[in-house]
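Asks: Have a peek at start31.cif (mmCIF, C-alpha atoms).
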data_model
loop_
_atom_site.group_PDB
_atom_site.id
_atom_site.type_symbol
_atom_site.label_atom_id
_atom_site.label_comp_id
_atom_site.auth_asym_id
_atom_site.auth_seq_id
_atom_site.Cartn_x
_atom_site.Cartn_y
_atom_site.Cartn_z
ATOM 1 C CA MET W 1 -24.579 -31.384 5.300
ATOM 2 C CA PHE W 2 -23.453 -27.755 5.474
ATOM 3 C CA LEU W 3 -25.604 -26.849 2.474
ATOM 4 C CA ASP W 4 -28.666 -28.224 4.245
ATOM 5 C CA GLN W 5 -28.020 -25.828 7.109
ATOM 6 C CA GLY W 6 -27.633 -22.817 4.815
ATOM 7 C CA PRO W 7 -24.840 -20.226 5.038
ATOM 8 C CA ILE W 8 -23.474 -19.233 8.439
ATOM 9 C CA GLU W 9 -24.520 -15.857 9.858
ATOM 10 C CA SER W 10 -21.434 -13.717 9.289
ATOM 11 C CA THR W 11 -22.744 -10.312 8.201
ATOM 12 C CA GLY W 12 -21.090 -8.577 11.168
ATOM 13 C CA TYR W 13 -17.684 -9.880 10.126
ATOM 14 C CA MET W 14 -18.222 -8.698 6.560
ATOM 15 C CA ILE W 15 -19.124 -5.213 7.806
ATOM 16 C CA ALA W 16 -16.061 -5.197 10.065
ATOM 17 C CA GLY W 17 -13.809 -6.227 7.148
ATOM 18 C CA TYR W 18 -15.034 -3.460 4.872
ATOM 19 C CA ALA W 19 -14.990 -0.921 7.723
ATOM 20 C CA VAL W 20 -11.283 -1.698 8.098
ATOM 21 C CA ILE W 21 -10.401 -1.181 4.431
ATOM 22 C CA PHE W 22 -12.539 1.944 3.960
ATOM 23 C CA GLY W 23 -11.320 3.377 7.275
ATOM 24 C CA VAL W 24 -7.639 2.746 6.629
ATOM 25 C CA MET W 25 -7.870 4.091 3.066
ATOM 26 C CA LEU W 26 -9.598 7.239 4.330
ATOM 27 C CA ILE W 27 -6.974 7.751 7.039
ATOM 28 C CA TYR W 28 -4.191 7.266 4.481
ATOM 29 C CA LEU W 29 -5.751 9.797 2.077
ATOM 30 C CA ILE W 30 -6.112 12.322 4.913
ATOM 31 C CA SER W 31 -2.494 11.686 5.921
ATOM 32 C CA LEU W 32 -1.320 12.341 2.344
ATOM 33 C CA PHE W 33 -3.286 15.589 2.261
ATOM 34 C CA VAL W 34 -2.095 16.811 5.672
ATOM 35 C CA ARG W 35 1.552 15.975 4.949
ATOM 36 C CA THR W 36 1.350 17.787 1.598
ATOM 37 C CA MET W 37 -0.087 20.895 3.259
ATOM 38 C CA ASN W 38 2.579 20.836 5.991
ATOM 39 C CA LEU W 39 5.395 20.474 3.454
ATOM 40 C CA LYS W 40 4.038 23.352 1.345
ATOM 41 C CA ARG W 41 3.980 25.533 4.457
ATOM 42 C CA ASP W 42 7.550 24.445 5.319
ATOM 43 C CA ILE W 43 8.693 25.391 1.813
ATOM 44 C CA GLU W 44 7.135 28.859 2.112
ATOM 45 C CA VAL W 45 8.789 29.466 5.481
ATOM 46 C CA LEU W 46 12.189 28.174 4.344
ATOM 47 C CA GLU W 47 12.073 30.232 1.139
ATOM 48 C CA ASP W 48 11.279 33.326 3.229
ATOM 49 C CA ILE W 49 14.235 32.619 5.525
ATOM 50 C CA GLU W 50 16.497 32.008 2.526
ATOM 51 C CA SER W 51 15.537 35.289 0.816
ATOM 52 C CA THR W 52 15.939 37.218 4.103
ATOM 53 C CA ASP W 53 19.409 35.691 4.564
ATOM 54 C CA GLN W 54 20.364 36.635 0.992
ATOM 55 C CA ARG W 55 19.166 40.239 1.466
ATOM 56 C CA SER W 56 21.046 40.667 4.725
ATOM 57 C CA SER W 57 24.263 39.163 3.298
ATOM 58 C CA THR W 58 24.123 41.528 0.254
ATOM 59 C CA SER W 59 23.545 44.566 2.474
ATOM 60 C CA ASP W 60 26.497 43.463 4.677
ATOM 61 C CA GLN W 61 28.752 43.343 1.616
ATOM 62 C CA LYS W 62 27.903 46.955 0.496
ATOM 63 C CA PRO W 63 30.662 49.411 1.485
ATOM 64 C CA ALA W 64 29.628 52.079 3.949
ATOM 65 C CA SER W 65 29.208 55.464 2.237
ATOM 66 C CA MET S 1 5.344 22.796 -6.255
ATOM 67 C CA GLN S 2 4.201 22.068 -9.782
ATOM 68 C CA PRO S 3 0.420 22.350 -10.272
ATOM 69 C CA LYS S 4 -1.501 19.096 -10.316
ATOM 70 C CA PRO S 5 -1.246 17.593 -13.820
ATOM 71 C CA ARG S 6 -4.466 17.155 -15.769
ATOM 72 C CA ALA S 7 -3.664 13.467 -16.282
ATOM 73 C CA LEU S 8 -3.553 12.989 -12.504
ATOM 74 C CA SER S 9 -6.941 14.659 -12.067
ATOM 75 C CA ILE S 10 -8.362 12.340 -14.738
ATOM 76 C CA LEU S 11 -6.754 9.330 -13.028
ATOM 77 C CA ASP S 12 -8.277 10.434 -9.675
ATOM 78 C CA THR S 13 -11.753 10.572 -11.202
ATOM 79 C CA VAL S 14 -11.447 7.286 -13.124
ATOM 80 C CA THR S 15 -10.102 5.528 -10.014
ATOM 81 C CA ALA S 16 -12.900 6.872 -7.797
ATOM 82 C CA VAL S 17 -15.574 5.770 -10.292
ATOM 83 C CA LEU S 18 -13.998 2.324 -10.705
ATOM 84 C CA PHE S 19 -13.700 1.928 -6.940
ATOM 85 C CA VAL S 20 -17.400 2.688 -6.441
ATOM 86 C CA LEU S 21 -18.259 0.204 -9.216
ATOM 87 C CA ALA S 22 -16.098 -2.512 -7.636
ATOM 88 C CA THR S 23 -17.748 -1.909 -4.256
ATOM 89 C CA LEU S 24 -21.203 -2.162 -5.841
ATOM 90 C CA MET S 25 -20.208 -5.393 -7.582
ATOM 91 C CA VAL S 26 -18.983 -6.874 -4.295
ATOM 92 C CA PHE S 27 -22.219 -6.117 -2.452
ATOM 93 C CA LEU S 28 -24.867 -6.263 -5.173
ATOM 94 C CA TYR S 29 -23.584 -8.343 -8.098
ATOM 95 C CA ALA S 30 -21.578 -11.190 -6.533
ATOM 96 C CA PRO S 31 -23.825 -13.887 -5.052
ATOM 97 C CA GLU S 32 -23.714 -14.959 -1.426
ATOM 98 C CA GLU S 33 -21.486 -17.990 -0.900
ATOM 99 C CA ALA S 34 -23.423 -21.099 0.106
ATOM 100 C CA VAL S 35 -21.436 -22.099 3.197
ATOM 101 C CA MET S 36 -19.500 -19.063 4.465
ATOM 102 C CA GLY S 37 -22.307 -16.571 3.882
ATOM 103 C CA GLN S 38 -21.711 -12.812 3.766
ATOM 104 C CA VAL S 39 -18.165 -12.902 5.158
ATOM 105 C CA GLN S 40 -16.963 -14.463 1.897
ATOM 106 C CA ARG S 41 -17.379 -11.004 0.316
ATOM 107 C CA VAL S 42 -14.345 -9.909 2.333
ATOM 108 C CA PHE S 43 -12.301 -12.104 -0.023
ATOM 109 C CA TYR S 44 -12.596 -9.712 -3.021
ATOM 110 C CA PHE S 45 -10.904 -6.709 -1.413
ATOM 111 C CA HIS S 46 -8.691 -8.885 0.810
ATOM 112 C CA VAL S 47 -6.961 -10.435 -2.212
ATOM 113 C CA ALA S 48 -6.959 -7.105 -4.087
ATOM 114 C CA SER S 49 -5.249 -5.388 -1.123
ATOM 115 C CA ALA S 50 -2.627 -8.122 -0.954
ATOM 116 C CA TRP S 51 -2.127 -7.682 -4.717
ATOM 117 C CA VAL S 52 -1.473 -3.939 -4.254
ATOM 118 C CA GLY S 53 0.968 -4.816 -1.472
ATOM 119 C CA MET S 54 2.955 -7.229 -3.607
ATOM 120 C CA LEU S 55 2.823 -4.955 -6.656
ATOM 121 C CA GLY S 56 4.263 -2.061 -4.647
ATOM 122 C CA PHE S 57 7.059 -4.157 -3.193
ATOM 123 C CA LEU S 58 7.938 -5.227 -6.754
ATOM 124 C CA VAL S 59 7.917 -1.604 -7.951
ATOM 125 C CA ALA S 60 10.206 -0.690 -5.035
ATOM 126 C CA ALA S 61 12.657 -3.486 -5.874
ATOM 127 C CA VAL S 62 12.759 -2.428 -9.540
ATOM 128 C CA SER S 63 13.201 1.220 -8.503
ATOM 129 C CA GLY S 64 16.048 0.116 -6.256
ATOM 130 C CA VAL S 65 17.827 -1.553 -9.170
ATOM 131 C CA VAL S 66 17.307 1.502 -11.396
ATOM 132 C CA TYR S 67 18.609 3.801 -8.638
ATOM 133 C CA LEU S 68 21.754 1.728 -8.187
ATOM 134 C CA VAL S 69 22.375 1.776 -11.950
ATOM 135 C CA LYS S 70 21.541 5.441 -12.646
ATOM 136 C CA GLY S 71 22.067 7.080 -9.255
ATOM 137 C CA ASP S 72 19.095 9.383 -9.822
ATOM 138 C CA ARG S 73 17.351 10.248 -6.521
ATOM 139 C CA LYS S 74 13.919 10.293 -8.126
ATOM 140 C CA TRP S 75 14.002 6.468 -8.089
ATOM 141 C CA ASP S 76 14.508 6.540 -4.335
ATOM 142 C CA ILE S 77 11.362 8.665 -4.055
ATOM 143 C CA VAL S 78 9.457 6.137 -6.207
ATOM 144 C CA GLY S 79 10.718 3.222 -4.104
ATOM 145 C CA LEU S 80 9.751 4.837 -0.805
ATOM 146 C CA ALA S 81 6.339 5.816 -2.176
ATOM 147 C CA ALA S 82 5.629 2.277 -3.393
ATOM 148 C CA ILE S 83 6.683 0.707 -0.083
ATOM 149 C CA GLU S 84 4.590 3.078 2.013
ATOM 150 C CA ILE S 85 1.444 2.343 -0.018
ATOM 151 C CA SER S 86 2.162 -1.385 -0.007
ATOM 152 C CA LEU S 87 2.635 -1.421 3.759
ATOM 153 C CA VAL S 88 -0.818 0.138 4.196
ATOM 154 C CA PHE S 89 -2.539 -2.299 1.832
ATOM 155 C CA PHE S 90 -0.672 -5.365 3.070
ATOM 156 C CA PHE S 91 -1.719 -4.424 6.604
ATOM 157 C CA VAL S 92 -5.328 -4.151 5.413
ATOM 158 C CA ALA S 93 -5.060 -7.572 3.726
ATOM 159 C CA ILE S 94 -3.759 -9.161 6.933
ATOM 160 C CA VAL S 95 -6.474 -7.608 9.111
ATOM 161 C CA MET S 96 -9.259 -8.445 6.629
ATOM 162 C CA GLY S 97 -7.922 -12.010 6.474
ATOM 163 C CA ALA S 98 -8.094 -12.288 10.268
ATOM 164 C CA ILE S 99 -11.691 -11.009 10.235
ATOM 165 C CA TRP S 100 -12.615 -13.564 7.563
ATOM 166 C CA ALA S 101 -10.837 -16.333 9.499
ATOM 167 C CA LYS S 102 -12.802 -15.909 12.726
ATOM 168 C CA PRO S 103 -16.157 -17.318 11.510
ATOM 169 C CA VAL S 104 -14.572 -19.706 8.966
ATOM 170 C CA TRP S 105 -11.593 -21.126 10.918
ATOM 171 C CA GLY S 106 -12.999 -20.412 14.358
ATOM 172 C CA GLU S 107 -10.001 -18.273 15.326
ATOM 173 C CA TRP S 108 -8.653 -14.837 14.396
ATOM 174 C CA TRP S 109 -5.080 -15.970 13.865
ATOM 175 C CA THR S 110 -2.973 -19.078 13.482
ATOM 176 C CA TRP S 111 0.749 -19.363 12.715
ATOM 177 C CA ASP S 112 0.077 -20.890 9.327
ATOM 178 C CA PRO S 113 2.827 -20.566 6.634
ATOM 179 C CA ARG S 114 0.872 -17.902 4.682
ATOM 180 C CA LEU S 115 0.002 -15.819 7.722
ATOM 181 C CA THR S 116 3.505 -16.133 9.121
ATOM 182 C CA THR S 117 5.270 -15.167 5.884
ATOM 183 C CA ALA S 118 2.821 -12.271 5.316
ATOM 184 C CA SER S 119 3.607 -10.953 8.811
ATOM 185 C CA ILE S 120 7.330 -11.252 8.079
ATOM 186 C CA VAL S 121 6.890 -9.228 4.869
ATOM 187 C CA GLU S 122 5.008 -6.500 6.746
ATOM 188 C CA LEU S 123 7.671 -6.330 9.452
ATOM 189 C CA VAL S 124 10.553 -6.342 6.933
ATOM 190 C CA TYR S 125 9.143 -3.287 5.162
ATOM 191 C CA ALA S 126 8.091 -1.533 8.392
ATOM 192 C CA ALA S 127 11.745 -1.844 9.408
ATOM 193 C CA TYR S 128 12.720 -0.274 6.063
ATOM 194 C CA ILE S 129 10.715 2.871 6.899
ATOM 195 C CA MET S 130 12.162 3.080 10.426
ATOM 196 C CA LEU S 131 15.768 2.443 9.389
ATOM 197 C CA ARG S 132 15.601 5.088 6.648
ATOM 198 C CA GLN S 133 14.719 7.704 9.236
ATOM 199 C CA GLY S 134 17.962 6.996 11.048
ATOM 200 C CA ILE S 135 20.150 7.976 8.068
ATOM 201 C CA GLU S 136 20.681 11.698 7.565
ATOM 202 C CA ASP S 137 22.765 11.781 4.391
ATOM 203 C CA PRO S 138 20.217 11.631 1.499
ATOM 204 C CA ASP S 139 22.500 9.755 -0.905
ATOM 205 C CA ARG S 140 23.489 7.183 1.684
ATOM 206 C CA ARG S 141 19.842 6.793 2.643
ATOM 207 C CA ALA S 142 18.865 6.267 -0.990
ATOM 208 C CA ARG S 143 21.614 3.644 -1.508
ATOM 209 C CA PHE S 144 20.559 1.845 1.669
ATOM 210 C CA GLY S 145 16.894 2.024 0.610
ATOM 211 C CA ALA S 146 17.658 0.588 -2.820
ATOM 212 C CA VAL S 147 19.642 -2.373 -1.502
ATOM 213 C CA TYR S 148 17.078 -3.037 1.254
ATOM 214 C CA ALA S 149 14.143 -2.924 -1.199
ATOM 215 C CA ILE S 150 15.888 -5.445 -3.476
ATOM 216 C CA LEU S 151 16.832 -7.839 -0.651
ATOM 217 C CA GLY S 152 13.494 -7.373 1.137
ATOM 218 C CA PHE S 153 11.652 -8.423 -1.991
ATOM 219 C CA ILE S 154 12.918 -11.999 -1.499
ATOM 220 C CA SER S 155 10.243 -12.344 1.226
ATOM 221 C CA VAL S 156 7.404 -11.465 -1.177
ATOM 222 C CA PRO S 157 7.440 -14.436 -3.608
ATOM 223 C CA LEU S 158 7.990 -16.673 -0.578
ATOM 224 C CA THR S 159 4.647 -15.472 0.788
ATOM 225 C CA PHE S 160 2.983 -15.996 -2.573
ATOM 226 C CA VAL S 161 4.172 -19.593 -2.953
ATOM 227 C CA SER S 162 3.881 -20.525 0.738
ATOM 228 C CA ILE S 163 0.315 -21.817 0.342
ATOM 229 C CA ARG S 164 1.351 -23.828 -2.699
ATOM 230 C CA ILE S 165 4.411 -25.547 -1.256
ATOM 231 C CA PHE S 166 3.666 -25.919 2.473
ATOM 232 C CA ARG S 167 0.858 -27.714 4.273
ATOM 233 C CA THR S 168 -1.575 -24.945 5.113
ATOM 234 C CA ILE S 169 -5.169 -24.224 6.097
ATOM 235 C CA HIS S 170 -5.171 -21.054 3.943
ATOM 236 C CA PRO S 171 -7.184 -21.648 0.760
ATOM 237 C CA VAL S 172 -5.621 -21.192 -2.699
ATOM 238 C CA VAL S 173 -7.779 -19.046 -4.957
ATOM 239 C CA ILE S 174 -6.115 -19.906 -8.257
ATOM 240 C CA GLY S 175 -5.000 -23.535 -8.354
ATOM 241 C CA ASN S 176 -5.678 -26.493 -6.096
ATOM 242 C CA SER S 177 -5.957 -25.990 -2.361
ATOM 243 C CA ASP S 178 -4.230 -28.220 0.154
ATOM 244 C CA PRO S 179 -6.723 -30.881 1.376
ATOM 245 C CA THR S 180 -6.282 -29.462 4.892
ATOM 246 C CA ALA S 181 -7.277 -25.939 3.748
ATOM 247 C CA LYS S 182 -10.403 -24.512 5.384
ATOM 248 C CA GLY S 183 -12.624 -21.991 3.609
ATOM 249 C CA SER S 184 -12.036 -23.062 -0.022
ATOM 250 C CA PHE S 185 -14.880 -22.451 -2.417
ATOM 251 C CA ASP S 186 -15.622 -22.755 -6.119
ATOM 252 C CA MET S 187 -16.096 -19.369 -7.740
ATOM 253 C CA SER S 188 -19.237 -18.909 -9.812
ATOM 254 C CA PRO S 189 -18.824 -16.799 -13.007
ATOM 255 C CA LYS S 190 -20.202 -13.710 -11.188
ATOM 256 C CA MET S 191 -17.779 -14.232 -8.308
ATOM 257 C CA LEU S 192 -14.863 -14.606 -10.726
ATOM 258 C CA GLN S 193 -15.855 -11.431 -12.610
ATOM 259 C CA THR S 194 -16.088 -9.479 -9.321
ATOM 260 C CA PHE S 195 -12.738 -10.867 -8.193
ATOM 261 C CA LEU S 196 -10.920 -9.994 -11.438
ATOM 262 C CA PHE S 197 -12.559 -6.558 -11.591
ATOM 263 C CA SER S 198 -11.451 -5.853 -8.006
ATOM 264 C CA LEU S 199 -7.855 -6.727 -8.925
ATOM 265 C CA PHE S 200 -8.083 -4.443 -11.964
ATOM 266 C CA VAL S 201 -9.544 -1.549 -9.935
ATOM 267 C CA PHE S 202 -6.984 -1.874 -7.154
ATOM 268 C CA SER S 203 -4.221 -1.621 -9.760
ATOM 269 C CA PHE S 204 -5.682 1.810 -10.612
ATOM 270 C CA VAL S 205 -5.890 2.688 -6.916
ATOM 271 C CA PHE S 206 -2.212 1.800 -6.580
ATOM 272 C CA ALA S 207 -1.163 3.848 -9.624
ATOM 273 C CA ASP S 208 -3.169 6.845 -8.431
ATOM 274 C CA LEU S 209 -1.853 6.746 -4.858
ATOM 275 C CA LEU S 210 1.693 6.165 -6.122
ATOM 276 C CA TRP S 211 1.564 9.293 -8.261
ATOM 277 C CA HIS S 212 0.286 11.365 -5.296
ATOM 278 C CA ARG S 213 2.881 9.883 -2.945
ATOM 279 C CA ILE S 214 5.699 10.585 -5.433
ATOM 280 C CA ARG S 215 4.608 14.239 -5.555
ATOM 281 C CA LEU S 216 4.694 14.293 -1.753
ATOM 282 C CA GLY S 217 8.184 12.752 -1.848
ATOM 283 C CA ARG S 218 9.390 15.483 -4.212
ATOM 284 C CA LEU S 219 8.063 18.127 -1.808
ATOM 285 C CA ALA S 220 9.856 16.433 1.111
ATOM 286 C CA ASP S 221 13.049 16.383 -0.948
ATOM 287 C CA LYS S 222 12.713 20.100 -1.652
ATOM 288 C CA VAL S 223 12.166 20.866 2.050
ATOM 289 C CA GLU S 224 15.275 18.865 2.939
ATOM 290 C CA GLU S 225 17.307 20.722 0.296
ATOM 291 C CA LEU S 226 16.087 24.134 1.557
ATOM 292 C CA ARG S 227 16.804 23.195 5.192
ATOM 293 C CA LEU S 228 20.395 22.304 4.257
ATOM 294 C CA LYS S 229 20.801 25.621 2.416
ATOM 295 C CA VAL S 230 19.363 27.659 5.278
ATOM 296 C CA THR S 231 21.390 25.950 8.000
ATOM 297 C CA GLN S 232 24.697 26.172 6.115
#
Translate the structure of the given file into structure tokens.

Replies:
Amino acid sequence: MFLDQGPIESTGYMIAGYAVIFGVMLIYLISLFVRTMNLKRDIEVLEDIESTDQRSSTSDQKPAS
Amino acid sequence: MQPKPRALSILDTVTAVLFVLATLMVFLYAPEEAVMGQVQRVFYFHVASAWVGMLGFLVAAVSGVVYLVKGDRKWDIVGLAAIEISLVFFFVAIVMGAIWAKPVWGEWWTWDPRLTTASIVELVYAAYIMLRQGIEDPDRRARFGAVYAILGFISVPLTFVSIRIFRTIHPVVIGNSDPTAKGSFDMSPKMLQTFLFSLFVFSFVFADLLWHRIRLGRLADKVEELRLKVTQ
């Protein structure tokens, strides 16, 4: 009976389904990229702070001449 | 951070090419299903996404066991990476399933055993991510994560077998569907090839994303270590 009628019209649903997977995958890839960039920047800043702290603590330890 | 390994660049390229091929197969190679029409094509990536979800939860459980045995934090990073990716793909599988269900079942959602257990899995692992953020001590967090990933995995095989042991309207792809299932179909050889190829390609997608997410986890670990040093 169903075969006589042919397939149901469901192209819109198919497009919606694939829009979801492609969209979510794209958002996830962007999120990975952005988080990586932010962490790299954090590392640079923290390493700068660490080296500044080390320099100031060594200069504090030097006896006054 | 260590420069991107050559093997990862190759994996990126291979995965991208395979993904394009799988997409072309879905739209151009697989025939239109006689009753459901175009929406049946959602099935290929819907099942493949669910496969990535389950694969990642398994990887996380195994990583949890290895962490508890060895106590090496790198396994915590692997576990977290696998769960994050799986959460994304399991979510996609659930949403794609709902979109497929509307024209086939006549409703977006029903509290069927498969849909219910899949939602439970998603919530269990979403809770994992949230609870981790509440633990400051990295070693305690890793121990908690390992135990949670092992216990949480109990929900995954339950989802897999739910359509085989309970009365359900969700069709079974491999094996016999319940007589009350709506939306079952016999796969033609071209449909089966597209389906198996999609599963194969999504395994590559998982491996590729996992590698990238592990590298991100290592960076996060380094930031945490530096923050502790600076604040002390």

Asks: Which distance in Å separates atom CA of S:Leu196 and atom CA of S:Phe43, to one decimal?

Replies: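 Those two atoms sit 11.7 Å apart.
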
Asks: Please find the residues of chain S near chain W - the criterion being any atom within 8 Å, counting all atoms listed in the file - and write them as a ChimeraX atom specification.

Replies: /S:1,33-42,88,92,95-96,99-100,103,212-213,216,219-220,222-223,226-227,229-230

Asks: Would you save the residues from that selection as an mmCIF file, keeping the file's coordinate frame, using C-alpha atoms?

Replies:
data_model
loop_
_atom_site.group_PDB
_atom_site.id
_atom_site.type_symbol
_atom_site.label_atom_id
_atom_site.label_comp_id
_atom_site.auth_asym_id
_atom_site.auth_seq_id
_atom_site.Cartn_x
_atom_site.Cartn_y
_atom_site.Cartn_z
ATOM 1 C CA MET S 1 5.344 22.796 -6.255
ATOM 2 C CA GLU S 33 -21.486 -17.990 -0.900
ATOM 3 C CA ALA S 34 -23.423 -21.099 0.106
ATOM 4 C CA VAL S 35 -21.436 -22.099 3.197
ATOM 5 C CA MET S 36 -19.500 -19.063 4.465
ATOM 6 C CA GLY S 37 -22.307 -16.571 3.882
ATOM 7 C CA GLN S 38 -21.711 -12.812 3.766
ATOM 8 C CA VAL S 39 -18.165 -12.902 5.158
ATOM 9 C CA GLN S 40 -16.963 -14.463 1.897
ATOM 10 C CA ARG S 41 -17.379 -11.004 0.316
ATOM 11 C CA VAL S 42 -14.345 -9.909 2.333
ATOM 12 C CA VAL S 88 -0.818 0.138 4.196
ATOM 13 C CA VAL S 92 -5.328 -4.151 5.413
ATOM 14 C CA VAL S 95 -6.474 -7.608 9.111
ATOM 15 C CA MET S 96 -9.259 -8.445 6.629
ATOM 16 C CA ILE S 99 -11.691 -11.009 10.235
ATOM 17 C CA TRP S 100 -12.615 -13.564 7.563
ATOM 18 C CA PRO S 103 -16.157 -17.318 11.510
ATOM 19 C CA HIS S 212 0.286 11.365 -5.296
ATOM 20 C CA ARG S 213 2.881 9.883 -2.945
ATOM 21 C CA LEU S 216 4.694 14.293 -1.753
ATOM 22 C CA LEU S 219 8.063 18.127 -1.808
ATOM 23 C CA ALA S 220 9.856 16.433 1.111
ATOM 24 C CA LYS S 222 12.713 20.100 -1.652
ATOM 25 C CA VAL S 223 12.166 20.866 2.050
ATOM 26 C CA LEU S 226 16.087 24.134 1.557
ATOM 27 C CA ARG S 227 16.804 23.195 5.192
ATOM 28 C CA LYS S 229 20.801 25.621 2.416
ATOM 29 C CA VAL S 230 19.363 27.659 5.278
#

Asks: I'd like the interatomic distance between atom CA of S:Glu107 and atom CA of S:Pro189, to a tenth of an Å.

Replies: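 Distance reported for this atom pair: 29.7 Å.
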
Asks: Please, which residues are within 12 Å of (10.2, 8.8, -6.0) by the file's coordinates, counting only C-alpha atoms, and could they come as number ranges by chain?

Replies: S: 59-60, 63-64, 66-67, 72-84, 142, 145-146, 210-221

Asks: I need the chosen residues saved as a PDB file, keeping the file's coordinate frame, with C-alpha atoms.

Replies:
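Okay, result_25.pdb is ready:
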ATOM      1  CA  VAL S  59       7.917  -1.604  -7.951  1.00  0.00           C
ATOM      2  CA  ALA S  60      10.206  -0.690  -5.035  1.00  0.00           C
ATOM      3  CA  SER S  63      13.201   1.220  -8.503  1.00  0.00           C
ATOM      4  CA  GLY S  64      16.048   0.116  -6.256  1.00  0.00           C
ATOM      5  CA  VAL S  66      17.307   1.502 -11.396  1.00  0.00           C
ATOM      6  CA  TYR S  67      18.609   3.801  -8.638  1.00  0.00           C
ATOM      7  CA  ASP S  72      19.095   9.383  -9.822  1.00  0.00           C
ATOM      8  CA  ARG S  73      17.351  10.248  -6.521  1.00  0.00           C
ATOM      9  CA  LYS S  74      13.919  10.293  -8.126  1.00  0.00           C
ATOM     10  CA  TRP S  75      14.002   6.468  -8.089  1.00  0.00           C
ATOM     11  CA  ASP S  76      14.508   6.540  -4.335  1.00  0.00           C
ATOM     12  CA  ILE S  77      11.362   8.665  -4.055  1.00  0.00           C
ATOM     13  CA  VAL S  78       9.457   6.137  -6.207  1.00  0.00           C
ATOM     14  CA  GLY S  79      10.718   3.222  -4.104  1.00  0.00           C
ATOM     15  CA  LEU S  80       9.751   4.837  -0.805  1.00  0.00           C
ATOM     16  CA  ALA S  81       6.339   5.816  -2.176  1.00  0.00           C
ATOM     17  CA  ALA S  82       5.629   2.277  -3.393  1.00  0.00           C
ATOM     18  CA  ILE S  83       6.683   0.707  -0.083  1.00  0.00           C
ATOM     19  CA  GLU S  84       4.590   3.078   2.013  1.00  0.00           C
ATOM     20  CA  ALA S 142      18.865   6.267  -0.990  1.00  0.00           C
ATOM     21  CA  GLY S 145      16.894   2.024   0.610  1.00  0.00           C
ATOM     22  CA  ALA S 146      17.658   0.588  -2.820  1.00  0.00           C
ATOM     23  CA  LEU S 210       1.693   6.165  -6.122  1.00  0.00           C
ATOM     24  CA  TRP S 211       1.564   9.293  -8.261  1.00  0.00           C
ATOM     25  CA  HIS S 212       0.286  11.365  -5.296  1.00  0.00           C
ATOM     26  CA  ARG S 213       2.881   9.883  -2.945  1.00  0.00           C
ATOM     27  CA  ILE S 214       5.699  10.585  -5.433  1.00  0.00           C
ATOM     28  CA  ARG S 215       4.608  14.239  -5.555  1.00  0.00           C
ATOM     29  CA  LEU S 216       4.694  14.293  -1.753  1.00  0.00           C
ATOM     30  CA  GLY S 217       8.184  12.752  -1.848  1.00  0.00           C
ATOM     31  CA  ARG S 218       9.390  15.483  -4.212  1.00  0.00           C
ATOM     32  CA  LEU S 219       8.063  18.127  -1.808  1.00  0.00           C
ATOM     33  CA  ALA S 220       9.856  16.433   1.111  1.00  0.00           C
ATOM     34  CA  ASP S 221      13.049  16.383  -0.948  1.00  0.00           C
TER      35      ASP S 221
END

Asks: Can you tell me how far atom CA of S:Leu28 sits from atom CA of S:Ser188, in Å to one decimal?

Replies: 14.6 Å

Asks: Starting from the displayed file, determine the output of the PyMOL selection byres ((chain S and resi 10-17) around 8) and express the residue list as a PDB file with C-alpha atoms, in the frame of the given file.

Replies:
ATOM      1  CA  ARG S   6      -4.466  17.155 -15.769  1.00  0.00           C
ATOM      2  CA  ALA S   7      -3.664  13.467 -16.282  1.00  0.00           C
ATOM      3  CA  LEU S   8      -3.553  12.989 -12.504  1.00  0.00           C
ATOM      4  CA  SER S   9      -6.941  14.659 -12.067  1.00  0.00           C
ATOM      5  CA  LEU S  18     -13.998   2.324 -10.705  1.00  0.00           C
ATOM      6  CA  PHE S  19     -13.700   1.928  -6.940  1.00  0.00           C
ATOM      7  CA  VAL S  20     -17.400   2.688  -6.441  1.00  0.00           C
ATOM      8  CA  LEU S  21     -18.259   0.204  -9.216  1.00  0.00           C
ATOM      9  CA  VAL S 201      -9.544  -1.549  -9.935  1.00  0.00           C
ATOM     10  CA  PHE S 204      -5.682   1.810 -10.612  1.00  0.00           C
ATOM     11  CA  VAL S 205      -5.890   2.688  -6.916  1.00  0.00           C
ATOM     12  CA  ASP S 208      -3.169   6.845  -8.431  1.00  0.00           C
TER      13      ASP S 208
END

Asks: So which one's closest to S:Ala101, S:Ile169, S:Val69, S:Leu199, S:Val156? Using all atoms listed in the file, please.

Replies: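 Result for the nearest residue to S:Ala101: S:Ile169.
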
Asks: Enclose the full set of atoms of stretch 7-25 of chain W listed in the file within a box whose edges lie along x, y and z, apply 5 Å of padding to each of the six sides, and report centre and edge lengths in Å to one decimal as lines of an AutoDock Vina configuration file.

Replies:
center_x = -16.2
center_y = -8.1
center_z = 7.1
size_x = 27.2
size_y = 34.3
size_z = 18.1

Asks: Name the residues captured by the PyMOL selection byres ((chain S and resi 144) around 12) when it is applied to the shown file; answer as a VMD selection string.

Replies: chain S and resid 64 to 65 67 to 68 76 79 to 80 128 to 129 131 to 143 145 to 152

Asks: Just the residues within 10 Å of S:Trp109, please, counting all atoms listed in the file, with nothing from its chain fewer than 2 positions along; format it as a PyMOL selection string.

Replies: chain S and resi 94-95+97-99+101-102+105-107+111-112+115-116

Asks: When distances are computed from all atoms listed in the file, which of S:Gln2, S:Ser184, S:Thr110, S:Ser198 shows the smallest separation from S:Ala50?

Replies: S:Ser198

Asks: Env of S:Glu122: 8 Å cut, atoms = all atoms listed in the file, seq-sep filter 5 positions within chain, self excluded. Answer as a compact mmCIF listing (two decimals) with C-alpha atoms, in the coordinates of the input.

Replies:
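The resulting file, part.txt, is shown below:
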# COMPACT_ATOMS: atom_id res chain seq x y z
CA LEU S 87 2.64 -1.42 3.76
CA PHE S 90 -0.67 -5.36 3.07
CA PHE S 91 -1.72 -4.42 6.60
